[in-house]
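First comes the structure, then the notes that go with it.
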Amino acid sequence: LPLGAIEAALTQAQYNATVARLMAPPAAPQGTAPKRNWPRYRARFVEPVRIRGGLAFWREHADALAAAERRYGVPASIIVAIIGVETVYGRNMGNFRVLDALYTLAFSYPKHARRDRSDYFREELGEFLAMTITAGIAPTSVLGSYAGAIGMPQFMPGSIRRFAVSADGRRAPDLAGNPHDAIASVANYLAGHGWQRD
């Protein structure tokens, strides 16, 4: 990549205090661990809005889901569930500038976080800049989560490079605007991480 393009993109990046706050929630009182359990998770993510949305999404995109299942061996139910948990079928894809989110976490990772992941976010910032500059997309125009995840399946830039696919194979994948690309990409991601057919 041209150094000038990278420098130009980075001069537009801004620290985002909200990103830093959301990445490192308040520490648990000393001697206690954060309480994570299935009932609490299930109540938050397996609820009527997602169930109704999942059924509608499945009906609307049945052909694409069946095609992904045939090609990658990942059941439609798993693909639908992941897209529902991640973004409620594209309703909540995030409104943070991905450039700012990754810049903040790469160079100003919260000091009070449980562990420092700034190296990971520096790699993802590099992936993001490579992706946007190569595609001729303004890095400031891409929106996503406070962690820099993008599109319906909330892929990080490195996962987009490695696993995002176009459902029809004739253009660049569009994970934010094309549900069929999101479906195929989730299936490809799981297959790439060892999902075994049947």
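Letters A, B, ... go to the chains of the structure tokens in the order shown; residues in each chain start at 1; ligands are counted from 1 in the same order.
Once region 193-195 of chain A and its same-chain neighbours fewer than 4 positions away are set aside, Gly73, Val74 and Tyr189 of chain A remain within 8 Å of it when counting only C-alpha atoms.
Neighbouring residues of Tyr103 (chain A) at 9 Å or closer, counting only C-alpha atoms and skipping chain neighbours under 3 positions away, are A:Leu10, A:Ala13, A:Gln14, A:Tyr15, A:Asn16, A:Val98, A:Leu99, A:Asp100, A:Ala106, A:Phe107, A:Ser108, A:Phe121, A:Arg122, A:Leu125.
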With only C-alpha atoms as the counted atoms, please give the residues lying no more than 10 Å from Ser145 (chain A), apart from itself and same-chain residues fewer than 3 positions off, as a PDB file with N, CA, C and O atoms, in the first residue's frame.
```
ATOM      1  N   VAL A  19     -15.730   4.418  22.734  1.00  0.00           N
ATOM      2  CA  VAL A  19     -15.162   3.117  22.358  1.00  0.00           C
ATOM      3  C   VAL A  19     -14.313   2.570  23.502  1.00  0.00           C
ATOM      4  O   VAL A  19     -14.450   1.410  23.897  1.00  0.00           O
ATOM      5  N   THR A  87     -26.463  -9.067  14.960  1.00  0.00           N
ATOM      6  CA  THR A  87     -27.010  -7.757  14.566  1.00  0.00           C
ATOM      7  C   THR A  87     -28.526  -7.711  14.440  1.00  0.00           C
ATOM      8  O   THR A  87     -29.062  -6.756  13.871  1.00  0.00           O
ATOM      9  N   ASN A  92     -28.887  -3.843  13.793  1.00  0.00           N
ATOM     10  CA  ASN A  92     -27.961  -3.179  14.719  1.00  0.00           C
ATOM     11  C   ASN A  92     -26.511  -3.469  14.314  1.00  0.00           C
ATOM     12  O   ASN A  92     -25.823  -4.227  14.973  1.00  0.00           O
ATOM     13  N   MET A  93     -26.064  -2.858  13.228  1.00  0.00           N
ATOM     14  CA  MET A  93     -24.708  -3.133  12.745  1.00  0.00           C
ATOM     15  C   MET A  93     -23.667  -2.179  13.328  1.00  0.00           C
ATOM     16  O   MET A  93     -22.484  -2.323  13.054  1.00  0.00           O
ATOM     17  N   GLY A  94     -24.100  -1.225  14.133  1.00  0.00           N
ATOM     18  CA  GLY A  94     -23.167  -0.296  14.755  1.00  0.00           C
ATOM     19  C   GLY A  94     -23.104   1.021  14.014  1.00  0.00           C
ATOM     20  O   GLY A  94     -23.258   1.068  12.795  1.00  0.00           O
ATOM     21  N   ASN A  95     -22.867   2.092  14.770  1.00  0.00           N
ATOM     22  CA  ASN A  95     -22.784   3.409  14.148  1.00  0.00           C
ATOM     23  C   ASN A  95     -21.485   4.127  14.506  1.00  0.00           C
ATOM     24  O   ASN A  95     -21.412   5.345  14.478  1.00  0.00           O
ATOM     25  N   PHE A  96     -20.465   3.349  14.853  1.00  0.00           N
ATOM     26  CA  PHE A  96     -19.143   3.917  15.116  1.00  0.00           C
ATOM     27  C   PHE A  96     -18.328   3.919  13.826  1.00  0.00           C
ATOM     28  O   PHE A  96     -18.399   2.958  13.052  1.00  0.00           O
ATOM     29  N   ARG A  97     -17.564   4.973  13.624  1.00  0.00           N
ATOM     30  CA  ARG A  97     -16.617   4.933  12.505  1.00  0.00           C
ATOM     31  C   ARG A  97     -15.585   3.856  12.838  1.00  0.00           C
ATOM     32  O   ARG A  97     -14.914   3.930  13.871  1.00  0.00           O
ATOM     33  N   VAL A  98     -15.465   2.862  11.971  1.00  0.00           N
ATOM     34  CA  VAL A  98     -14.554   1.753  12.232  1.00  0.00           C
ATOM     35  C   VAL A  98     -13.114   2.257  12.330  1.00  0.00           C
ATOM     36  O   VAL A  98     -12.341   1.785  13.171  1.00  0.00           O
ATOM     37  N   ALA A 101     -12.701   3.527  15.852  1.00  0.00           N
ATOM     38  CA  ALA A 101     -12.744   2.448  16.837  1.00  0.00           C
ATOM     39  C   ALA A 101     -11.422   1.688  16.857  1.00  0.00           C
ATOM     40  O   ALA A 101     -10.831   1.462  17.927  1.00  0.00           O
ATOM     41  N   LEU A 102     -10.941   1.297  15.683  1.00  0.00           N
ATOM     42  CA  LEU A 102      -9.702   0.530  15.626  1.00  0.00           C
ATOM     43  C   LEU A 102      -8.504   1.369  16.030  1.00  0.00           C
ATOM     44  O   LEU A 102      -7.589   0.887  16.716  1.00  0.00           O
ATOM     45  N   GLY A 148     -14.955  -2.391  16.123  1.00  0.00           N
ATOM     46  CA  GLY A 148     -14.501  -2.374  14.739  1.00  0.00           C
ATOM     47  C   GLY A 148     -15.054  -3.495  13.890  1.00  0.00           C
ATOM     48  O   GLY A 148     -14.582  -3.724  12.784  1.00  0.00           O
ATOM     49  N   ALA A 149     -16.080  -4.198  14.363  1.00  0.00           N
ATOM     50  CA  ALA A 149     -16.693  -5.277  13.585  1.00  0.00           C
ATOM     51  C   ALA A 149     -17.683  -4.685  12.579  1.00  0.00           C
ATOM     52  O   ALA A 149     -18.331  -3.679  12.853  1.00  0.00           O
ATOM     53  N   ILE A 150     -17.797  -5.357  11.431  1.00  0.00           N
ATOM     54  CA  ILE A 150     -18.490  -4.780  10.276  1.00  0.00           C
ATOM     55  C   ILE A 150     -19.575  -5.718   9.749  1.00  0.00           C
ATOM     56  O   ILE A 150     -19.379  -6.928   9.654  1.00  0.00           O
ATOM     57  N   GLY A 151     -20.702  -5.130   9.363  1.00  0.00           N
ATOM     58  CA  GLY A 151     -21.731  -5.840   8.620  1.00  0.00           C
ATOM     59  C   GLY A 151     -22.649  -6.708   9.452  1.00  0.00           C
ATOM     60  O   GLY A 151     -22.578  -6.747  10.675  1.00  0.00           O
ATOM     61  N   GLN A 154     -20.893  -9.108  11.642  1.00  0.00           N
ATOM     62  CA  GLN A 154     -19.924  -8.468  12.516  1.00  0.00           C
ATOM     63  C   GLN A 154     -18.539  -9.110  12.396  1.00  0.00           C
ATOM     64  O   GLN A 154     -17.938  -9.558  13.367  1.00  0.00           O
ATOM     65  N   PHE A 155     -18.016  -9.129  11.184  1.00  0.00           N
ATOM     66  CA  PHE A 155     -16.668  -9.620  10.929  1.00  0.00           C
ATOM     67  C   PHE A 155     -15.663  -8.510  11.203  1.00  0.00           C
ATOM     68  O   PHE A 155     -15.888  -7.354  10.835  1.00  0.00           O
ATOM     69  N   MET A 156     -14.555  -8.872  11.804  1.00  0.00           N
ATOM     70  CA  MET A 156     -13.431  -7.954  11.909  1.00  0.00           C
ATOM     71  C   MET A 156     -12.763  -7.879  10.540  1.00  0.00           C
ATOM     72  O   MET A 156     -12.916  -8.795   9.715  1.00  0.00           O
TER      73      MET A 156
END
```
| query | Distance CA of Ala8 (chain A)-CA of Ser141 (chain A), one decimal place? | reply |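 Value for the CA of Ala8 (chain A)-CA of Ser141 (chain A) distance: 14.1 Å.
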| Can you list, as a PyMOL selection string, every protein, DNA or RNA residue that comes within 10 Å of region 162-176 of chain A when you count only C-alpha atoms, leaving out same-chain residues fewer than 4 positions away? | chain A and resi 64+67-68+90+93+135+142-144+150-155+157-158+180-193
| request: Return as number ranges by chain the full set of residues in region 8-158 of chain A whose backbone-based DSSP assignment is helix (DSSP H, G or I). | output: A: 8-12, 17-23, 38-45, 48-60, 62-72, 76-87, 98-107, 118-135, 139-141, 157-158
| message | To test your reading of the structure, identify every residue in chain A that backbone DSSP assigns to strand (DSSP E), and report it as a VMD selection string. | response | chain A and resid 96 to 97 143 to 144
| From the set A:Pro110, A:Gly177, A:Gly126, A:Gly136, which residue has the shortest atom-to-atom contact distance to Thr18 (chain A), counting only C-alpha atoms? | A:Pro110
| request: Could you please determine the separation between CA of Asp198 (chain A) and CA of Ile82 (chain A) in Å, to one decimal place? | output: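 One can read the CA of Asp198 (chain A) to CA of Ile82 (chain A) distance as 18.0 Å.
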| task | Point out the residue among A:Thr134, A:Thr140, A:Arg44, A:Ala5 with the least atom-to-atom distance to Glu86 (chain A), counting only C-alpha atoms. | result |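 Using only C-alpha atoms, the shortest distance to Glu86 (chain A) belongs to A:Arg44.
Distance check against Thr104 (chain A) using only C-alpha atoms: of A:Val46, A:Arg117, A:Trp58, A:Arg52, the minimum falls on A:Arg117.
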